[in-house]
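Participant: So here's input00.cif, just mmCIF, C-alpha atoms:
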data_upload
loop_
_atom_site.group_PDB
_atom_site.id
_atom_site.type_symbol
_atom_site.label_atom_id
_atom_site.label_comp_id
_atom_site.auth_asym_id
_atom_site.auth_seq_id
_atom_site.Cartn_x
_atom_site.Cartn_y
_atom_site.Cartn_z
ATOM 1 C CA THR A 1 -68.876 81.649 -103.239
ATOM 2 C CA ASN A 2 -65.209 81.343 -103.958
ATOM 3 C CA VAL A 3 -63.791 82.581 -100.674
ATOM 4 C CA GLY A 4 -61.013 80.438 -99.284
ATOM 5 C CA SER A 5 -59.451 81.655 -96.060
ATOM 6 C CA LEU A 6 -57.734 84.554 -94.344
ATOM 7 C CA GLU A 7 -54.850 83.696 -92.029
ATOM 8 C CA VAL A 8 -52.626 85.794 -89.799
ATOM 9 C CA PHE A 9 -49.092 84.694 -88.985
ATOM 10 C CA VAL A 10 -46.432 86.148 -86.714
ATOM 11 C CA GLU A 11 -42.936 86.142 -88.176
ATOM 12 C CA GLU A 12 -40.121 86.518 -85.674
ATOM 13 C CA THR A 13 -36.605 87.482 -86.577
ATOM 14 C CA ASN A 14 -33.827 85.959 -84.554
ATOM 15 C CA PRO A 15 -30.251 87.234 -85.025
ATOM 16 C CA LYS A 16 -28.884 83.806 -84.023
ATOM 17 C CA GLY A 17 -31.241 81.668 -86.065
ATOM 18 C CA PRO A 18 -33.730 81.439 -88.903
ATOM 19 C CA LEU A 19 -36.947 83.379 -89.334
ATOM 20 C CA THR A 20 -39.869 81.602 -87.667
ATOM 21 C CA ARG A 21 -43.516 81.816 -88.738
ATOM 22 C CA SER A 22 -46.449 80.852 -86.496
ATOM 23 C CA ALA A 23 -50.157 80.857 -87.384
ATOM 24 C CA VAL A 24 -52.114 82.890 -84.813
ATOM 25 C CA TRP A 25 -55.570 83.223 -86.434
ATOM 26 C CA LYS A 26 -57.605 81.783 -89.317
ATOM 27 C CA LEU A 27 -61.106 82.226 -90.725
ATOM 28 C CA THR A 28 -62.383 80.069 -93.579
ATOM 29 C CA GLY A 29 -65.282 80.302 -96.009
ATOM 30 C CA ASP A 30 -68.057 82.779 -96.678
ATOM 31 C CA GLN A 31 -68.654 85.068 -93.675
ATOM 32 C CA GLY A 32 -71.580 87.035 -95.093
ATOM 33 C CA ARG A 33 -71.796 90.704 -96.012
ATOM 34 C CA GLU A 34 -70.969 92.238 -92.627
ATOM 35 C CA TRP A 35 -67.609 93.195 -91.152
ATOM 36 C CA LYS A 36 -66.252 90.802 -88.534
ATOM 37 C CA LEU A 37 -64.140 91.794 -85.535
ATOM 38 C CA ALA A 38 -61.036 89.776 -84.779
ATOM 39 C CA GLN A 39 -58.592 90.358 -81.943
ATOM 40 C CA ILE A 40 -55.230 88.634 -81.832
ATOM 41 C CA TYR A 41 -52.808 88.609 -78.942
ATOM 42 C CA PRO A 42 -49.566 86.829 -79.941
ATOM 43 C CA MET A 43 -48.677 85.566 -76.464
ATOM 44 C CA ASN A 44 -45.796 83.326 -77.522
ATOM 45 C CA VAL A 45 -43.728 85.984 -79.270
ATOM 46 C CA THR A 46 -40.238 85.980 -77.776
ATOM 47 C CA SER A 47 -38.333 88.167 -80.234
ATOM 48 C CA PRO A 48 -38.301 91.967 -79.837
ATOM 49 C CA THR A 49 -38.630 92.191 -83.642
ATOM 50 C CA PHE A 50 -41.612 90.570 -85.292
ATOM 51 C CA HIS A 51 -44.031 91.115 -88.173
ATOM 52 C CA PHE A 52 -47.645 90.227 -88.844
ATOM 53 C CA LEU A 53 -48.275 88.502 -92.150
ATOM 54 C CA PHE A 54 -51.804 88.453 -93.614
ATOM 55 C CA MET A 55 -52.368 85.678 -96.138
ATOM 56 C CA ALA A 56 -55.584 85.336 -98.137
ATOM 57 C CA SER A 57 -56.487 82.442 -100.413
ATOM 58 C CA ALA A 58 -59.353 81.894 -102.824
ATOM 59 C CA THR A 59 -60.909 78.646 -104.003
ATOM 60 C CA GLY A 60 -61.166 79.749 -107.629
ATOM 61 C CA GLY A 61 -63.407 82.054 -109.580
ATOM 62 C CA TYR A 62 -64.083 85.719 -108.980
ATOM 63 C CA TYR A 63 -67.198 85.702 -106.789
ATOM 64 C CA GLY A 64 -65.347 85.901 -103.484
ATOM 65 C CA ASP A 65 -63.940 88.951 -101.718
ATOM 66 C CA ILE A 66 -61.645 89.205 -98.713
ATOM 67 C CA ALA A 67 -61.149 92.612 -97.104
ATOM 68 C CA ILE A 68 -59.186 93.935 -94.118
ATOM 69 C CA ASP A 69 -59.946 97.291 -92.497
ATOM 70 C CA ASP A 70 -59.130 99.284 -89.354
ATOM 71 C CA ILE A 71 -56.051 97.449 -88.101
ATOM 72 C CA SER A 72 -54.688 98.722 -84.804
ATOM 73 C CA PHE A 73 -51.917 97.578 -82.488
ATOM 74 C CA ASN A 74 -51.781 97.757 -78.699
ATOM 75 C CA VAL A 75 -48.854 97.014 -76.414
ATOM 76 C CA ASP A 76 -51.186 95.284 -73.958
ATOM 77 C CA HIS A 77 -54.069 92.845 -74.273
ATOM 78 C CA CYS A 78 -56.879 93.656 -76.690
ATOM 79 C CA PRO A 79 -59.580 95.972 -75.378
ATOM 80 C CA ALA A 80 -63.037 94.594 -74.718
ATOM 81 C CA GLU A 81 -65.166 94.063 -77.798
ATOM 82 C CA ILE A 82 -67.519 96.932 -78.546
ATOM 83 C CA ILE A 83 -70.913 95.728 -79.650
ATOM 84 C CA CYS A 84 -72.676 98.357 -81.712
ATOM 85 C CA ASP A 85 -75.417 98.132 -84.311
ATOM 86 C CA PHE A 86 -75.879 101.927 -84.685
ATOM 87 C CA GLU A 87 -79.621 101.496 -84.130
ATOM 88 C CA ASP A 88 -79.800 103.948 -81.204
ATOM 89 C CA ASP A 89 -76.721 106.157 -81.493
ATOM 90 C CA GLU A 90 -73.165 106.363 -82.869
ATOM 91 C CA CYS A 91 -71.771 104.113 -80.108
ATOM 92 C CA GLY A 92 -69.147 106.638 -79.070
ATOM 93 C CA TYR A 93 -67.743 107.164 -82.572
ATOM 94 C CA VAL A 94 -67.352 110.801 -83.634
ATOM 95 C CA GLN A 95 -67.727 112.225 -87.138
ATOM 96 C CA ASP A 96 -64.526 113.932 -88.301
ATOM 97 C CA THR A 97 -65.731 117.303 -89.591
ATOM 98 C CA THR A 98 -62.359 118.182 -91.145
ATOM 99 C CA ASP A 99 -62.436 115.462 -93.811
ATOM 100 C CA GLN A 100 -64.509 115.233 -96.998
ATOM 101 C CA GLY A 101 -66.535 112.172 -96.006
ATOM 102 C CA GLU A 102 -69.790 112.379 -94.090
ATOM 103 C CA TRP A 103 -71.730 109.667 -92.296
ATOM 104 C CA LEU A 104 -75.286 108.881 -93.230
ATOM 105 C CA LEU A 105 -77.267 106.810 -90.782
ATOM 106 C CA LYS A 106 -79.929 104.906 -92.700
ATOM 107 C CA GLY A 107 -81.836 101.654 -92.344
ATOM 108 C CA GLY A 108 -82.260 98.897 -94.879
ATOM 109 C CA PRO A 109 -80.446 95.941 -96.396
ATOM 110 C CA THR A 110 -76.746 95.857 -97.252
ATOM 111 C CA VAL A 111 -76.336 96.445 -100.959
#
Please, can you express the file's structure as structure tokens?

Facilitator:
Amino acid sequence: TNVGSLEVFVEETNPKGPLTRSAVWKLTGDQGREWKLAQIYPMNVTSPTFHFLFMASATGGYYGDIAIDDISFNVDHCPAEIICDFEDDECGYVQDTTDQGEWLLKGGPTV
């Protein structure tokens, strides 16, 4: 594989000083074919204005993929991790019947 790393930084703006950037999370190397959950709580942020910066790097070649999906922000600590394998039910998720996409619950390997 040619996957390098995915890092998340917090950039804080300070009207009286320079922009600061702090690393708050990093994952390196091949993580398999399944989505991974990550929760970040930037406890040391002191500025009322800040940004998250996602930085991905590859080690060369084109056989590595890095993807980010379903980003959400909370004003408090991260909620508890939901563990769901969809083997028994939909784990509380609800199909949106107003869109054009439909869920199919099937078994088998990831393609």

Participant: Point out the residue among A:Trp25, A:Tyr63, A:Tyr93, A:Trp35 with the least atom-to-atom distance to Val10 of chain A, counting only C-alpha atoms.

Facilitator: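 Checking each candidate against Val10 of chain A, we get A:Trp25 as the closest.
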
Participant: Here is a test: counting all atoms listed in the file, which residue of A:Asn14, A:Pro42, A:Thr59, A:Phe50 is nearest to Thr28 of chain A?

Facilitator: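 Between A:Asn14, A:Pro42, A:Thr59, A:Phe50, the residue approaching Thr28 of chain A most closely is A:Thr59.
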
Participant: Expressed in Å to a single decimal, how great is the separation between atom CA of Ala38 of chain A and atom CA of Glu12 of chain A?

Facilitator: 21.2 Å

Participant: How far is it from atom CA of Ala58 of chain A to atom CA of Asp30 of chain A, in Å with one decimal?

Facilitator: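 Straight-line distance from atom CA of Ala58 of chain A to atom CA of Asp30 of chain A works out to 10.7 Å.
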
Participant: Residues picked by the PyMOL selection byres ((chain A and resi 56) around 9) here, as a list in words?

Facilitator: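 Checked against the file, the PyMOL selection byres ((chain A and resi 56) around 9) matches Gly4, Ser5, Leu6, Glu7, Val8, Phe54, Met55, Ser57, Ala58 and Ile66 of chain A.
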
Participant: Those same residues - C-alpha atoms - I'd like them written as an mmCIF file, keeping the file's coordinate frame.

Facilitator:
data_model
loop_
_atom_site.group_PDB
_atom_site.id
_atom_site.type_symbol
_atom_site.label_atom_id
_atom_site.label_comp_id
_atom_site.auth_asym_id
_atom_site.auth_seq_id
_atom_site.Cartn_x
_atom_site.Cartn_y
_atom_site.Cartn_z
ATOM 1 C CA GLY A 4 -61.013 80.438 -99.284
ATOM 2 C CA SER A 5 -59.451 81.655 -96.060
ATOM 3 C CA LEU A 6 -57.734 84.554 -94.344
ATOM 4 C CA GLU A 7 -54.850 83.696 -92.029
ATOM 5 C CA VAL A 8 -52.626 85.794 -89.799
ATOM 6 C CA PHE A 54 -51.804 88.453 -93.614
ATOM 7 C CA MET A 55 -52.368 85.678 -96.138
ATOM 8 C CA SER A 57 -56.487 82.442 -100.413
ATOM 9 C CA ALA A 58 -59.353 81.894 -102.824
ATOM 10 C CA ILE A 66 -61.645 89.205 -98.713
#

Participant: Rounded to one decimal place, report the atom CA of Pro18 of chain A-atom CA of Val45 of chain A distance in Å.

Facilitator: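 Interatomic distance here is 14.6 Å.
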
Participant: Check the smallest atom-to-atom distance from each of A:Tyr62, A:Tyr41, A:Trp103, A:Phe52 to Val3 of chain A using all atoms listed in the file, then report the winner.

Facilitator: A:Tyr62

Participant: Check which residues satisfy the PyMOL selection byres ((chain A and resi 71) around 12) in the file shown, then give them as a PyMOL selection string.

Facilitator: chain A and resi 37-40+52+54+67-70+72-74

Participant: Can you list, as a ChimeraX atom specification, every protein, DNA or RNA residue that comes within 12 Å of Ile83 of chain A when you count all atoms listed in the file, leaving out same-chain residues fewer than 4 positions away?

Facilitator: /A:36-37,87,90-92

Participant: Taking all atoms of segment 63-77 of chain A that the file lists, what box with edges along x, y and z, padded by 4 Å per side, do you get, with centre and edge lengths in Å to one decimal, as AutoDock Vina command-line options?

Facilitator:
--center_x -58.0 --center_y 92.5 --center_z -90.4 --size_x 26.3 --size_y 21.6 --size_z 40.8

Participant: Which one is closest to Thr49 of chain A: A:Gly29, A:Cys84, A:Gly61, A:Glu11? Count all atoms listed in the file.

Facilitator: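 Residue with the minimum atom-to-atom distance to Thr49 of chain A: A:Glu11.
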